[in-house]
Amino acid sequence: MIKLDNLHKYYGTGAQRLHVLNGIDLHIREGELVSIMGSSGSGKSTLLNILGLLDQYDEGRYALAGQPMERLSEKQAAQYRNRMIGFVFQSFNLLPFKNALENVSLPLYYQGMSRKARSEQARHYLEQVGLADRMTHMPNELSGGQKQRVAIARALVTQPKVILADEPTGALDSVTTGEVMELLHRIHGEGNTLVIVTHEPEIAAQTQRQITLKDGRIVATPDGIAPSATEEPA
Amino acid sequence: MFDLEKWQEIIATLKQHKLRTGLTAFGVFWGIFMLVLLLGAGRGLENGMTANFGQVTNSVFLWSARPTQIPYAGLPKGRRITLKPADAELIRARMDDKVDIVAGFNRLGGWGNEQYIARGDTSGTFTVRGSHPGMAYLHSLDVTGRFINERDHREKRKIAIIGRGVQQVLFAPWEEPIGKNISIHGINFLVVGTFTSLSTGDNAVNEEEAIFIPNRTLRYAFNQVGWVGNLTIVPKPGYHASDVEEEVKALLRDYHRVHPDDQAVFGSWNMQAFYDRIQSLFTGIQAFSWLVAIGTILAGAIGVGNIMLIVVKERTREIGLRKALGATPMSIVSMIVLEALVITAFSGYLGLVAGVLTLEAASAYLPGAGTFSHPEIDFSTAIIAIVILILSGLLAALLPAAKAAGVDPITALQDE
């Protein structure tokens with residue numbers, strides 16, 4: 001589903017140039033649940049931005065669902081993001097002046113879908129995440145866990161190829177963290193491809209594969225084993 | 001083209017920020033309101049001044065002024081040239097392509113002299129003027145009853161059309177003057193009409209203290225058969241009164257054998273030269289009004305641009321999120337531009353309506369006469385104002401929209 005070949009990314013120019021990603025090779029198959037770990041400065045955020053088509057890479061190759069993601073114009077990138085990628089953020093990023101249903105249907109708006117069809121589809125996914133009774137609630141009337149479930153419904157609503165979750169439980173307490181992870185597992189169980197960026201080993205441990213980044217390189221991708229040994233002290 | 005969803009989005013976001021939207025809208029509202037008021041007031045002044053001119057603004061008046069001062073063609077100096085009905089015929093014959101009306105007018109007792117008019121026991125002094133069939137408009141009269149007709153002229157009938165001022169003196173308020181007789185210099189005239197003046201201000205009062213009788217009647221009944229007091233000439237459309245004035249004078253000098261340089265023999269005055277001067281004054285006033293008003297609108301538009309910049313800044317995160325969810329740069333630009341346009345168009349339209357209503361109210365409560373009357377703006381001016389408004393709205397949105405389109409979703413979505 002995601003294929004990276006010798007991916008490089010630099011920030012800045014000349015002597016100040018920072019080599020953020022230093023030759024990443026990565027293959028994430030369809031239906032996988034993968035976590036990306038790493039301390040701050042390891043390049044995991046940059047990698048996530050590139051995977052999410054929010055940032056450009058400098059060298060190498062990136063193919064998403066078999067299509068090369070090279071030299072995209074802003075418009076193309078926006079359209080690929082809209083149809084192929086679902087984002088889940090640490091701080092939810094719901095529009096505060098739109099209710100849950102409107103928030104979920106927003107990506108469909110950018111597909112030019114009619115209001116009626118949008119609402120129907122958004123309603124379906126809100127039911128899926130267990131918020132059938134919260135459709136018309138505004139974000140400030142929802143708990144943190146509920147907000148994140150709305151955000152997950154929004155990520156699912158376009159039926160994307162891959163869901164990218166950036167610290168999805170970073171702002172939640174342990175009980176709701178459990179609920180959200182359970183939901184992500186269920187979504188994975190339905191055949192979706194998920195990439196979760198986290199610095200919490202407990203979260204990473206719940207994924208099929210952990211990818212650990214350090215200084216812009218992948219240091220360990222042991223299948224199904226918690227990479228506690230490679231974890232940097234905070 | 002029309003995208004209902006987009007409009008719903010925009011109206012929803014504008015509703016979200018009612019105070020800010022309202023304050024911004026007020027700037028534009030005020031700009032358009034001022035534009036309408038200024039232009040309307042300028043027009044009111046123009047209307048008032050123009051009304052003073054009466055209905056005909058290009059007439060030429062010509063009269064016999066001084067004796068000749070230069071001997072010419074064997075004739076001595078000191079001759080007095082009298083204008084005769086034949087002069088009117090001459091001008092009409094020679095300058096048929098350029099003049100619309102040529103008519104000789106007489107007055108009883110010379111220029112501006114008031115005459116003793118009696119009716120039964122009441123009496124007063126008024127000017128008595130001669131006129132011709134169909135020329136009520138030349139004097140800017142609004143006639144009730146009738147004015148002089150062809151038969152009056154042909155048969156030298158003794159009929160009179162009296163002004164409101166005359167009517168007030170000679171007739172009781174409840175009396176119908178039409179059909180009654182008045183006595184001018186002991187000769188009875190039948191009143192066939194009354195009039196009010198269409199001029200405004202002090203002029204009107206004077207004009208309304210006059211009596212019009214057929215010019216031929218006047219000349220034959222009051223011993224002015226040999227001459228006319230003045231010639232009034234109205235040029236045809238496309239000919240300037242000043243040119244016609246000079247040409248007529250040259251023609252008359254030639255005909256009466258007056259030296260071409262003997263300027264003072266024929267006195268003349270044309271209304272158009274004066275009218276043109278006043279008109280250019282109004283053009284100046286209008287240009288100034290536009291300048292001030294466009295400045296005000298621009299200030300309003302810059303206000304909108306300023307607010308939109310703040311809006312973009314404030315909504316960086318939202319814009320970043322929208323981009324991450326698939327909004328193209330174009331859709332972000334059109335969102336910001338449309339928002340600015342909605343604010344400017346809506347508030348500008350309100351300003352236009354408020355301005356027009358204010359002008360209407362002023363028009364209704366101000367007295368109809370005077371140097372300021374019926375302030376108004378015409379449809380085309382309103383359309384121009386709206387075009388300026390929409391352009392300024394676009395202008396206002398350009399920079400903020402570019403900023404919004406350039407928002408980097410990465411930085412926008414970073415957690416604080």
# chains A, B, ... in the order shown; residues from 1 in each chain; ligands from 1

call {"tool": "closest_atom_pairs", "arguments": {"of": "chain A", "to": "chain B", "cutoff": "10 Å", "atoms": "only C-alpha atoms", "output": "JSON lines"}}
result
{"residue": "A:Ser45", "atom": "CA", "partner": "B:Ile410", "partner_atom": "CA", "distance": 9.6}
{"residue": "A:Thr46", "atom": "CA", "partner": "B:Ile410", "partner_atom": "CA", "distance": 9.3}
{"residue": "A:Asn49", "atom": "CA", "partner": "B:Ile410", "partner_atom": "CA", "distance": 7.1}
{"residue": "A:Gly52", "atom": "CA", "partner": "B:Ala324", "partner_atom": "CA", "distance": 8.4}
{"residue": "A:Leu53", "atom": "CA", "partner": "B:Ala324", "partner_atom": "CA", "distance": 8.6}
{"residue": "A:Leu54", "atom": "CA", "partner": "B:Ile410", "partner_atom": "CA", "distance": 6.4}
{"residue": "A:Asp55", "atom": "CA", "partner": "B:Ile410", "partner_atom": "CA", "distance": 7.6}
{"residue": "A:Glu74", "atom": "CA", "partner": "B:Thr328", "partner_atom": "CA", "distance": 7.0}
{"residue": "A:Lys75", "atom": "CA", "partner": "B:Thr328", "partner_atom": "CA", "distance": 5.1}
{"residue": "A:Gln76", "atom": "CA", "partner": "B:Thr328", "partner_atom": "CA", "distance": 8.2}
{"residue": "A:Ala77", "atom": "CA", "partner": "B:Gly326", "partner_atom": "CA", "distance": 8.0}
{"residue": "A:Ala78", "atom": "CA", "partner": "B:Gly326", "partner_atom": "CA", "distance": 4.4}
{"residue": "A:Gln79", "atom": "CA", "partner": "B:Gly326", "partner_atom": "CA", "distance": 5.5}
{"residue": "A:Tyr80", "atom": "CA", "partner": "B:Gly326", "partner_atom": "CA", "distance": 7.5}
{"residue": "A:Arg81", "atom": "CA", "partner": "B:Gly326", "partner_atom": "CA", "distance": 5.5}
{"residue": "A:Asn82", "atom": "CA", "partner": "B:Gly326", "partner_atom": "CA", "distance": 4.1}
{"residue": "A:Arg83", "atom": "CA", "partner": "B:Gly326", "partner_atom": "CA", "distance": 7.8}
{"residue": "A:Met84", "atom": "CA", "partner": "B:Gly326", "partner_atom": "CA", "distance": 9.9}
{"residue": "A:Ile85", "atom": "CA", "partner": "B:Leu325", "partner_atom": "CA", "distance": 8.5}
{"residue": "A:Gly86", "atom": "CA", "partner": "B:Leu325", "partner_atom": "CA", "distance": 7.8}
{"residue": "A:Phe87", "atom": "CA", "partner": "B:Leu325", "partner_atom": "CA", "distance": 7.7}
{"residue": "A:Phe89", "atom": "CA", "partner": "B:Leu413", "partner_atom": "CA", "distance": 8.2}
{"residue": "A:Gln90", "atom": "CA", "partner": "B:Asp415", "partner_atom": "CA", "distance": 7.6}
{"residue": "A:Ser91", "atom": "CA", "partner": "B:Asp415", "partner_atom": "CA", "distance": 6.9}
{"residue": "A:Phe92", "atom": "CA", "partner": "B:Leu413", "partner_atom": "CA", "distance": 9.8}
{"residue": "A:Asn93", "atom": "CA", "partner": "B:Leu321", "partner_atom": "CA", "distance": 7.0}
{"residue": "A:Leu94", "atom": "CA", "partner": "B:Glu318", "partner_atom": "CA", "distance": 8.5}
{"residue": "A:Leu95", "atom": "CA", "partner": "B:Glu318", "partner_atom": "CA", "distance": 6.7}
{"residue": "A:Pro96", "atom": "CA", "partner": "B:Glu318", "partner_atom": "CA", "distance": 9.3}
{"residue": "A:Phe97", "atom": "CA", "partner": "B:Gln16", "partner_atom": "CA", "distance": 7.0}
{"residue": "A:Lys98", "atom": "CA", "partner": "B:Ala12", "partner_atom": "CA", "distance": 8.9}
{"residue": "A:Leu106", "atom": "CA", "partner": "B:Leu325", "partner_atom": "CA", "distance": 7.7}
{"residue": "A:Pro107", "atom": "CA", "partner": "B:Leu325", "partner_atom": "CA", "distance": 5.4}
{"residue": "A:Leu108", "atom": "CA", "partner": "B:Gly326", "partner_atom": "CA", "distance": 9.0}
{"residue": "A:Tyr109", "atom": "CA", "partner": "B:Glu5", "partner_atom": "CA", "distance": 8.0}
{"residue": "A:Tyr110", "atom": "CA", "partner": "B:Ala327", "partner_atom": "CA", "distance": 5.8}
{"residue": "A:Gln111", "atom": "CA", "partner": "B:Gly326", "partner_atom": "CA", "distance": 8.1}
{"residue": "A:Gly112", "atom": "CA", "partner": "B:Glu5", "partner_atom": "CA", "distance": 8.9}
{"residue": "A:Met113", "atom": "CA", "partner": "B:Glu5", "partner_atom": "CA", "distance": 9.4}
{"residue": "A:Ser114", "atom": "CA", "partner": "B:Glu5", "partner_atom": "CA", "distance": 8.0}
{"residue": "A:Arg115", "atom": "CA", "partner": "B:Glu5", "partner_atom": "CA", "distance": 7.3}
{"residue": "A:Arg154", "atom": "CA", "partner": "B:Leu325", "partner_atom": "CA", "distance": 9.2}
{"residue": "A:Ala155", "atom": "CA", "partner": "B:Leu325", "partner_atom": "CA", "distance": 8.6}
{"residue": "A:Thr158", "atom": "CA", "partner": "B:Leu325", "partner_atom": "CA", "distance": 9.9}

call {"tool": "residues_around", "arguments": {"residues": "Ser64 of chain B", "least_positions_apart": "2", "cutoff": "10 Å", "atoms": "only C-alpha atoms", "output": "number ranges by chain"}}
result
B: 62, 66-67, 80-83, 228-231, 264-268

call {"tool": "write_last_selection", "arguments": {"atoms": "N, CA and C atoms", "output": "short mmCIF file (atom, residue, chain, number, x, y, z; two decimals), in the first residue's frame"}}
result
data_model
loop_
_atom_site.label_atom_id
_atom_site.label_comp_id
_atom_site.auth_asym_id
_atom_site.auth_seq_id
_atom_site.Cartn_x
_atom_site.Cartn_y
_atom_site.Cartn_z
N LEU B 62 -31.97 89.79 -27.61
CA LEU B 62 -31.36 90.82 -28.44
C LEU B 62 -32.22 92.07 -28.38
N ARG B 66 -27.77 101.26 -28.27
CA ARG B 66 -27.28 102.64 -28.39
C ARG B 66 -27.34 103.13 -29.85
N PRO B 67 -27.26 104.41 -30.04
CA PRO B 67 -27.13 104.93 -31.41
C PRO B 67 -25.79 104.50 -32.00
N ARG B 80 -30.24 105.80 -34.53
CA ARG B 80 -30.80 104.83 -33.60
C ARG B 80 -31.49 103.73 -34.42
N ILE B 81 -31.06 102.49 -34.22
CA ILE B 81 -31.65 101.38 -34.99
C ILE B 81 -32.78 100.76 -34.16
N THR B 82 -33.97 100.72 -34.71
CA THR B 82 -35.08 100.08 -34.00
C THR B 82 -35.29 98.69 -34.57
N LEU B 83 -35.55 97.74 -33.66
CA LEU B 83 -35.86 96.38 -34.13
C LEU B 83 -37.32 96.34 -34.53
N VAL B 228 -40.39 96.19 -32.14
CA VAL B 228 -40.47 95.15 -31.10
C VAL B 228 -39.43 95.48 -30.04
N GLY B 229 -39.75 95.15 -28.82
CA GLY B 229 -38.87 95.49 -27.69
C GLY B 229 -37.59 94.67 -27.70
N ASN B 230 -37.76 93.38 -27.84
CA ASN B 230 -36.55 92.54 -27.94
C ASN B 230 -36.86 91.34 -28.81
N LEU B 231 -35.77 90.76 -29.32
CA LEU B 231 -35.91 89.53 -30.09
C LEU B 231 -35.41 88.39 -29.22
N ALA B 264 -21.87 98.30 -29.80
CA ALA B 264 -22.86 98.64 -28.77
C ALA B 264 -24.25 98.91 -29.33
N VAL B 265 -24.42 98.79 -30.66
CA VAL B 265 -25.72 99.12 -31.24
C VAL B 265 -26.79 98.12 -30.83
N PHE B 266 -26.40 96.84 -30.89
CA PHE B 266 -27.35 95.80 -30.46
C PHE B 266 -26.87 95.20 -29.15
N GLY B 267 -27.73 95.31 -28.17
CA GLY B 267 -27.41 94.63 -26.91
C GLY B 267 -27.85 93.18 -27.00
N SER B 268 -27.13 92.31 -26.35
CA SER B 268 -27.56 90.91 -26.39
C SER B 268 -27.07 90.17 -25.14
#

call {"tool": "atom_distance", "arguments": {"atom1": "atom CA of Leu198 of chain B", "atom2": "atom CA of Ala136 of chain B"}}
result
10.6 Å

call {"tool": "atom_distance", "arguments": {"atom1": "atom CA of Ile117 of chain B", "atom2": "atom CA of Thr232 of chain B"}}
result
26.2 Å

call {"tool": "select_by_dssp", "arguments": {"residues": "segment 69-139 of chain B", "states": "helix (DSSP H, G or I)", "output": "PyMOL selection string"}}
result
chain B and resi 85-94+136-139

call {"tool": "residues_around", "arguments": {"residues": "segment 124-131 of chain B", "least_positions_apart": "6", "cutoff": "6 Å", "atoms": "only C-alpha atoms", "output": "list of chain:residue names"}}
result
B:Phe105, B:Asn106, B:Arg107, B:Leu108, B:Glu114, B:Gln115, B:Tyr116, B:Ile117, B:Glu209, B:Ala210, B:Ile211, B:Phe212, B:Ile213, B:Pro214, B:Asn215

call {"tool": "write_last_selection", "arguments": {"atoms": "C-alpha atoms", "output": "PDB file, in the first residue's frame"}}
result
ATOM      1  CA  PHE B 105     -41.525  90.568 -27.693  1.00  0.00           C
ATOM      2  CA  ASN B 106     -42.948  93.831 -26.502  1.00  0.00           C
ATOM      3  CA  ARG B 107     -43.730  95.135 -23.053  1.00  0.00           C
ATOM      4  CA  LEU B 108     -46.172  97.731 -22.019  1.00  0.00           C
ATOM      5  CA  GLU B 114     -45.198  98.316 -14.020  1.00  0.00           C
ATOM      6  CA  GLN B 115     -48.620  99.259 -15.184  1.00  0.00           C
ATOM      7  CA  TYR B 116     -51.799 100.223 -13.444  1.00  0.00           C
ATOM      8  CA  ILE B 117     -54.273  97.391 -13.714  1.00  0.00           C
ATOM      9  CA  GLU B 209     -46.641  89.390 -10.906  1.00  0.00           C
ATOM     10  CA  ALA B 210     -47.013  89.633 -14.650  1.00  0.00           C
ATOM     11  CA  ILE B 211     -49.780  89.573 -17.228  1.00  0.00           C
ATOM     12  CA  PHE B 212     -49.287  88.054 -20.652  1.00  0.00           C
ATOM     13  CA  ILE B 213     -51.330  89.270 -23.613  1.00  0.00           C
ATOM     14  CA  PRO B 214     -50.883  88.483 -27.331  1.00  0.00           C
ATOM     15  CA  ASN B 215     -47.881  90.436 -28.611  1.00  0.00           C
TER      16      ASN B 215
END

call {"tool": "closest_residue", "arguments": {"among": "A:Gln67, A:Gln128, A:Thr177, A:Thr136", "to": "Asn99 of chain A", "atoms": "only C-alpha atoms"}}
result
A:Thr136
